[in-house]
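Participant: Next up, query.pdb (PDB, C-alpha atoms, pLDDT in the B column).
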```pdb
ATOM      1  CA  MET A   4     -90.377 -89.164  42.557  1.00 65.00           C
ATOM      2  CA  GLY A   5     -87.728 -86.987  41.014  1.00 79.00           C
ATOM      3  CA  GLU A   6     -88.902 -87.466  37.434  1.00 86.00           C
ATOM      4  CA  LEU A   7     -89.268 -83.721  36.921  1.00 86.00           C
ATOM      5  CA  SER A   8     -85.673 -83.175  37.958  1.00 87.00           C
ATOM      6  CA  ALA A   9     -84.509 -86.029  35.733  1.00 86.00           C
ATOM      7  CA  LEU A  10     -86.346 -84.456  32.799  1.00 87.00           C
ATOM      8  CA  ASP A  11     -85.411 -80.788  33.164  1.00 85.00           C
ATOM      9  CA  GLY A  12     -82.273 -80.777  35.337  1.00 86.00           C
ATOM     10  CA  GLU A  13     -83.834 -78.433  37.904  1.00 86.00           C
ATOM     11  CA  PRO A  14     -83.794 -79.235  41.637  1.00 85.00           C
ATOM     12  CA  ARG A  15     -86.400 -81.692  42.911  1.00 81.00           C
ATOM     13  CA  SER A  16     -89.765 -80.091  43.621  1.00 75.00           C
ATOM     14  CA  ALA A  17     -90.702 -82.347  46.534  1.00 77.00           C
ATOM     15  CA  THR A  18     -89.290 -84.297  49.442  1.00 80.00           C
ATOM     16  CA  VAL A  19     -90.536 -87.680  50.575  1.00 79.00           C
ATOM     17  CA  VAL A  20     -90.449 -89.144  54.071  1.00 83.00           C
ATOM     18  CA  ALA A  21     -91.148 -92.880  54.433  1.00 84.00           C
ATOM     19  CA  LEU A  22     -93.452 -93.906  57.271  1.00 79.00           C
ATOM     20  CA  THR A  23     -92.364 -97.562  57.054  1.00 86.00           C
ATOM     21  CA  ASP A  24     -89.306 -99.464  55.875  1.00 92.00           C
ATOM     22  CA  THR A  25     -89.043 -98.725  52.179  1.00 92.00           C
ATOM     23  CA  LEU A  26     -86.956 -99.995  49.276  1.00 91.00           C
ATOM     24  CA  ILE A  27     -85.921 -97.217  46.929  1.00 87.00           C
ATOM     25  CA  ALA A  28     -84.025 -97.080  43.660  1.00 85.00           C
ATOM     26  CA  PHE A  29     -81.983 -94.334  42.066  1.00 86.00           C
ATOM     27  CA  VAL A  30     -81.792 -93.908  38.313  1.00 90.00           C
ATOM     28  CA  PRO A  31     -79.347 -91.286  37.042  1.00 91.00           C
ATOM     29  CA  PRO A  32     -81.034 -88.611  34.887  1.00 90.00           C
ATOM     30  CA  ARG A  33     -79.276 -89.669  31.673  1.00 92.00           C
ATOM     31  CA  LEU A  34     -80.368 -93.318  32.076  1.00 94.00           C
ATOM     32  CA  PHE A  35     -83.901 -92.212  32.987  1.00 93.00           C
ATOM     33  CA  GLN A  36     -84.118 -90.120  29.806  1.00 93.00           C
ATOM     34  CA  GLU A  37     -82.812 -93.044  27.745  1.00 95.00           C
ATOM     35  CA  ILE A  38     -85.413 -95.398  29.244  1.00 95.00           C
ATOM     36  CA  VAL A  39     -88.228 -92.951  28.574  1.00 94.00           C
ATOM     37  CA  THR A  40     -87.178 -92.301  24.972  1.00 95.00           C
ATOM     38  CA  THR A  41     -86.622 -95.959  24.071  1.00 97.00           C
ATOM     39  CA  HIS A  42     -89.588 -97.538  25.865  1.00 97.00           C
ATOM     40  CA  PRO A  43     -92.925 -95.974  24.828  1.00 96.00           C
ATOM     41  CA  LYS A  44     -94.883 -97.899  27.490  1.00 97.00           C
ATOM     42  CA  VAL A  45     -92.690 -96.400  30.218  1.00 95.00           C
ATOM     43  CA  ALA A  46     -93.110 -92.938  28.688  1.00 96.00           C
ATOM     44  CA  LEU A  47     -96.903 -93.393  28.575  1.00 97.00           C
ATOM     45  CA  MET A  48     -96.999 -94.560  32.214  1.00 95.00           C
ATOM     46  CA  LEU A  49     -94.924 -91.530  33.192  1.00 94.00           C
ATOM     47  CA  MET A  50     -97.259 -89.175  31.318  1.00 95.00           C
ATOM     48  CA  GLN A  51    -100.304 -90.778  32.960  1.00 96.00           C
ATOM     49  CA  ARG A  52     -98.717 -90.376  36.390  1.00 93.00           C
ATOM     50  CA  MET A  53     -97.860 -86.740  35.666  1.00 93.00           C
ATOM     51  CA  ALA A  54    -101.397 -86.106  34.371  1.00 95.00           C
ATOM     52  CA  ALA A  55    -102.792 -87.485  37.654  1.00 92.00           C
ATOM     53  CA  VAL A  56    -100.463 -85.210  39.637  1.00 90.00           C
ATOM     54  CA  ILE A  57    -101.518 -82.180  37.572  1.00 92.00           C
ATOM     55  CA  ARG A  58    -105.222 -82.993  38.026  1.00 92.00           C
ATOM     56  CA  SER A  59    -104.743 -83.408  41.765  1.00 88.00           C
ATOM     57  CA  ALA A  60    -102.784 -80.148  42.026  1.00 89.00           C
ATOM     58  CA  THR A  61    -105.430 -78.316  40.008  1.00 91.00           C
ATOM     59  CA  GLY A  62    -108.142 -79.594  42.355  1.00 87.00           C
ATOM     60  CA  ARG A  63    -106.184 -78.534  45.405  1.00 87.00           C
ATOM     61  CA  ILE A  64    -105.548 -75.075  43.941  1.00 90.00           C
ATOM     62  CA  MET A  65    -109.256 -74.681  43.215  1.00 88.00           C
ATOM     63  CA  ASP A  66    -110.100 -75.779  46.759  1.00 86.00           C
ATOM     64  CA  LEU A  67    -107.615 -73.312  48.257  1.00 88.00           C
ATOM     65  CA  SER A  68    -108.992 -70.451  46.198  1.00 87.00           C
ATOM     66  CA  THR A  69    -112.723 -71.188  46.469  1.00 86.00           C
ATOM     67  CA  LEU A  70    -113.490 -73.083  49.692  1.00 89.00           C
ATOM     68  CA  GLY A  71    -113.668 -71.793  53.241  1.00 93.00           C
ATOM     69  CA  ALA A  72    -111.276 -73.177  55.842  1.00 94.00           C
ATOM     70  CA  ASN A  73    -113.731 -75.752  57.240  1.00 95.00           C
ATOM     71  CA  ASN A  74    -114.519 -77.033  53.768  1.00 94.00           C
ATOM     72  CA  ARG A  75    -110.823 -77.230  52.864  1.00 95.00           C
ATOM     73  CA  VAL A  76    -110.308 -79.486  55.883  1.00 96.00           C
ATOM     74  CA  HIS A  77    -113.249 -81.633  54.750  1.00 96.00           C
ATOM     75  CA  ALA A  78    -111.773 -81.867  51.234  1.00 95.00           C
ATOM     76  CA  GLU A  79    -108.361 -82.854  52.617  1.00 95.00           C
ATOM     77  CA  LEU A  80    -109.948 -85.569  54.740  1.00 97.00           C
ATOM     78  CA  VAL A  81    -111.711 -86.906  51.649  1.00 96.00           C
ATOM     79  CA  ARG A  82    -108.356 -87.022  49.824  1.00 93.00           C
ATOM     80  CA  LEU A  83    -106.642 -88.746  52.739  1.00 95.00           C
ATOM     81  CA  ALA A  84    -109.488 -91.237  53.257  1.00 96.00           C
ATOM     82  CA  LYS A  85    -110.003 -92.280  49.638  1.00 95.00           C
ATOM     83  CA  PRO A  86    -107.147 -94.836  49.529  1.00 94.00           C
ATOM     84  CA  GLY A  87    -108.554 -96.514  52.675  1.00 92.00           C
ATOM     85  CA  LEU A  88    -112.168 -96.589  51.458  1.00 95.00           C
ATOM     86  CA  LYS A  89    -114.012 -99.844  52.209  1.00 96.00           C
ATOM     87  CA  PRO A  90    -117.175-101.286  50.619  1.00 96.00           C
ATOM     88  CA  ASP A  91    -119.182-100.403  53.744  1.00 97.00           C
ATOM     89  CA  ASN A  92    -118.669 -96.643  53.133  1.00 95.00           C
ATOM     90  CA  THR A  93    -116.072 -96.317  55.894  1.00 96.00           C
ATOM     91  CA  ALA A  94    -112.424 -95.411  55.445  1.00 97.00           C
ATOM     92  CA  GLU A  95    -109.318 -95.449  57.596  1.00 95.00           C
ATOM     93  CA  ILE A  96    -106.665 -92.783  57.587  1.00 96.00           C
ATOM     94  CA  SER A  97    -103.562 -94.301  59.107  1.00 92.00           C
ATOM     95  CA  PRO A  98    -101.457 -93.115  60.726  1.00 90.00           C
ATOM     96  CA  ILE A  99    -103.687 -90.471  62.289  1.00 91.00           C
ATOM     97  CA  PRO A 100    -102.904 -87.180  60.538  1.00 90.00           C
ATOM     98  CA  VAL A 101    -101.257 -84.479  62.607  1.00 93.00           C
ATOM     99  CA  HIS A 102    -103.438 -81.370  62.906  1.00 96.00           C
ATOM    100  CA  GLY A 103    -100.520 -79.106  61.999  1.00 94.00           C
ATOM    101  CA  ASP A 104     -99.825 -81.107  58.834  1.00 94.00           C
ATOM    102  CA  ILE A 105    -103.430 -80.858  57.675  1.00 95.00           C
ATOM    103  CA  ALA A 106    -103.459 -77.157  58.556  1.00 96.00           C
ATOM    104  CA  SER A 107    -100.376 -76.446  56.466  1.00 94.00           C
ATOM    105  CA  ARG A 108    -101.744 -78.408  53.486  1.00 92.00           C
ATOM    106  CA  VAL A 109    -105.024 -76.478  53.478  1.00 94.00           C
ATOM    107  CA  SER A 110    -103.696 -73.098  54.567  1.00 93.00           C
ATOM    108  CA  THR A 111    -105.442 -72.780  57.909  1.00 95.00           C
ATOM    109  CA  THR A 112    -104.624 -73.162  61.608  1.00 96.00           C
ATOM    110  CA  ARG A 113    -104.246 -76.223  63.841  1.00 96.00           C
ATOM    111  CA  GLU A 114    -107.096 -74.863  65.921  1.00 96.00           C
ATOM    112  CA  THR A 115    -109.409 -74.802  62.914  1.00 96.00           C
ATOM    113  CA  VAL A 116    -108.487 -78.400  62.067  1.00 97.00           C
ATOM    114  CA  ALA A 117    -109.124 -79.483  65.670  1.00 96.00           C
ATOM    115  CA  ARG A 118    -112.504 -77.710  65.699  1.00 96.00           C
ATOM    116  CA  VAL A 119    -113.565 -79.240  62.366  1.00 97.00           C
ATOM    117  CA  LEU A 120    -112.540 -82.737  63.495  1.00 97.00           C
ATOM    118  CA  SER A 121    -114.458 -82.266  66.752  1.00 96.00           C
ATOM    119  CA  ASP A 122    -117.544 -81.143  64.823  1.00 97.00           C
ATOM    120  CA  LEU A 123    -117.267 -84.146  62.500  1.00 97.00           C
ATOM    121  CA  ALA A 124    -116.866 -86.488  65.477  1.00 96.00           C
ATOM    122  CA  ARG A 125    -119.960 -85.021  67.184  1.00 96.00           C
ATOM    123  CA  SER A 126    -121.860 -85.549  63.919  1.00 95.00           C
ATOM    124  CA  GLY A 127    -120.760 -89.193  63.803  1.00 95.00           C
ATOM    125  CA  ILE A 128    -118.854 -88.743  60.548  1.00 96.00           C
ATOM    126  CA  VAL A 129    -115.373 -89.447  61.949  1.00 96.00           C
ATOM    127  CA  GLU A 130    -114.020 -91.301  64.952  1.00 95.00           C
ATOM    128  CA  ARG A 131    -110.526 -91.220  66.360  1.00 94.00           C
ATOM    129  CA  ARG A 132    -109.124 -94.630  67.272  1.00 93.00           C
ATOM    130  CA  SER A 133    -105.722 -95.525  68.671  1.00 89.00           C
ATOM    131  CA  HIS A 134    -104.204 -96.380  65.285  1.00 89.00           C
ATOM    132  CA  ALA A 135    -106.303 -94.446  62.778  1.00 92.00           C
ATOM    133  CA  LEU A 136    -108.831 -91.750  62.077  1.00 95.00           C
ATOM    134  CA  VAL A 137    -111.912 -93.615  60.881  1.00 96.00           C
ATOM    135  CA  VAL A 138    -114.297 -91.913  58.500  1.00 97.00           C
ATOM    136  CA  LYS A 139    -117.564 -93.591  59.455  1.00 97.00           C
ATOM    137  CA  ASP A 140    -119.594 -92.006  56.645  1.00 96.00           C
ATOM    138  CA  TYR A 141    -117.329 -91.333  53.668  1.00 96.00           C
ATOM    139  CA  SER A 142    -120.228 -90.487  51.313  1.00 96.00           C
ATOM    140  CA  ARG A 143    -121.547 -87.839  53.696  1.00 95.00           C
ATOM    141  CA  LEU A 144    -118.099 -86.248  53.908  1.00 96.00           C
ATOM    142  CA  VAL A 145    -117.872 -86.216  50.107  1.00 95.00           C
ATOM    143  CA  ASP A 146    -121.378 -84.712  49.902  1.00 95.00           C
ATOM    144  CA  MET A 147    -120.374 -81.944  52.324  1.00 94.00           C
ATOM    145  CA  VAL A 148    -117.506 -80.962  50.020  1.00 92.00           C
ATOM    146  CA  GLU A 149    -119.508 -81.284  46.800  1.00 91.00           C
ATOM    147  CA  GLU A 150    -122.373 -79.166  48.165  1.00 90.00           C
ATOM    148  CA  VAL A 151    -119.996 -76.279  48.699  1.00 86.00           C
ATOM    149  CA  ARG A 152    -118.214 -76.807  45.367  1.00 82.00           C
ATOM    150  CA  GLY A 153    -121.597 -76.774  43.634  1.00 78.00           C
ATOM    151  CA  GLU A 154    -121.131 -80.246  42.138  1.00 70.00           C
TER     152      GLU A 154
END
```
How does the structure come out when it is put into structure tokens?

Facilitator:
Amino acid sequence: MGELSALDGEPRSATVVALTDTLIAFVPPRLFQEIVTTHPKVALMLMQRMAAVIRSATGRIMDLSTLGANNRVHAELVRLAKPGLKPDNTAEISPIPVHGDIASRVSTTRETVARVLSDLARSGIVERRSHALVVKDYSRLVDMVEEVRGE
């Protein structure tokens, strides 16, 4: 985080909040630029990371501009669940996402998020547990998003 600022001298474009104890490092911009220009492997890794961020941002922009509110919530749940995907087609989202946080990320209301999660729970696609939101049928959730995207 902060690589954009280290490259162009502008203020950081994001803020990070750690959910667990975290070890961080600070590299002054001048040293960062020296590392990137003298170590091609580091520069390539940085470009790959930035390409992934751009692809993700592009997908989110497309979702915001083309999907309805319910479908945007579905798409956000897919994004949140993907890192916790298990071979049995389930996934855990932990900690449980706050409705207001999801709502702000997908430009809708907390009430819409609550309604969509209730609908998904009634359909057996998600289940709220004490420590996590469990996606019980990850493929079905993905299919719901892809159907609307036309994929």

Participant: Can you give me, as an MDAnalysis selection string, the residues this file yields under the PyMOL selection byres ((chain A and resi 105) around 12)?

Facilitator: chainID A and resid 72:73 75:83 99:104 106:117 119:120

Participant: Provide the atom CA of Met48 of chain A to atom CA of Gly12 of chain A distance in Å, to one decimal place.

Facilitator: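 Result for atom CA of Met48 of chain A versus atom CA of Gly12 of chain A: 20.4 Å, one decimal.
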
Participant: Would you kindly return, as a PyMOL selection string, each protein, DNA or RNA residue with an atom no farther than 10 Å from any atom of Gly87 of chain A, considering all atoms listed in the file and excluding same-chain residues fewer than 5 positions away?

Facilitator: chain A and resi 82+93-97+137-138

Participant: Could you tell me how far atom CA of Glu154 of chain A lies from atom CA of Asn92 of chain A, in Å and to one decimal?

Facilitator: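 According to the coordinates, atom CA of Glu154 of chain A and atom CA of Asn92 of chain A are separated by 19.9 Å.
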
Participant: Could you work out how far atom CA of Ala9 of chain A lies from atom CA of Thr41 of chain A, giving the answer in Å with one decimal?

Facilitator: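 We find that atom CA of Thr41 of chain A and atom CA of Ala9 of chain A lie 15.5 Å from each other.
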
Participant: Could you give me, as a VMD selection string, the residues within 8 Å of Met147 of chain A, counting all atoms listed in the file and dropping anything in the same chain fewer than 4 positions from it?

Facilitator: chain A and resid 74 77 143 151

Participant: I want to know what sits within 12 Å of segment 18-31 of chain A, based on all atoms listed in the file, with residues of the same chain fewer than 5 positions away left out; could you give that as a ChimeraX atom specification?

Facilitator: /A:4-6,8-10,12,36-39,97-99

Participant: Assuming 8 Å of padding per side, give the centre and edge lengths of the axis-aligned box around every listed atom of segment 108-111 of chain A, in Å to one decimal and as AutoDock Vina command-line options.

Facilitator:
```
--center_x -103.6 --center_y -75.6 --center_z 55.7 --size_x 19.7 --size_y 21.6 --size_z 20.4
```

Participant: Go through A:Ala60, A:Ala84, A:Leu70, A:Leu49 and flag the residue nearest Val129 of chain A, using only C-alpha atoms for the distances.

Facilitator: A:Ala84
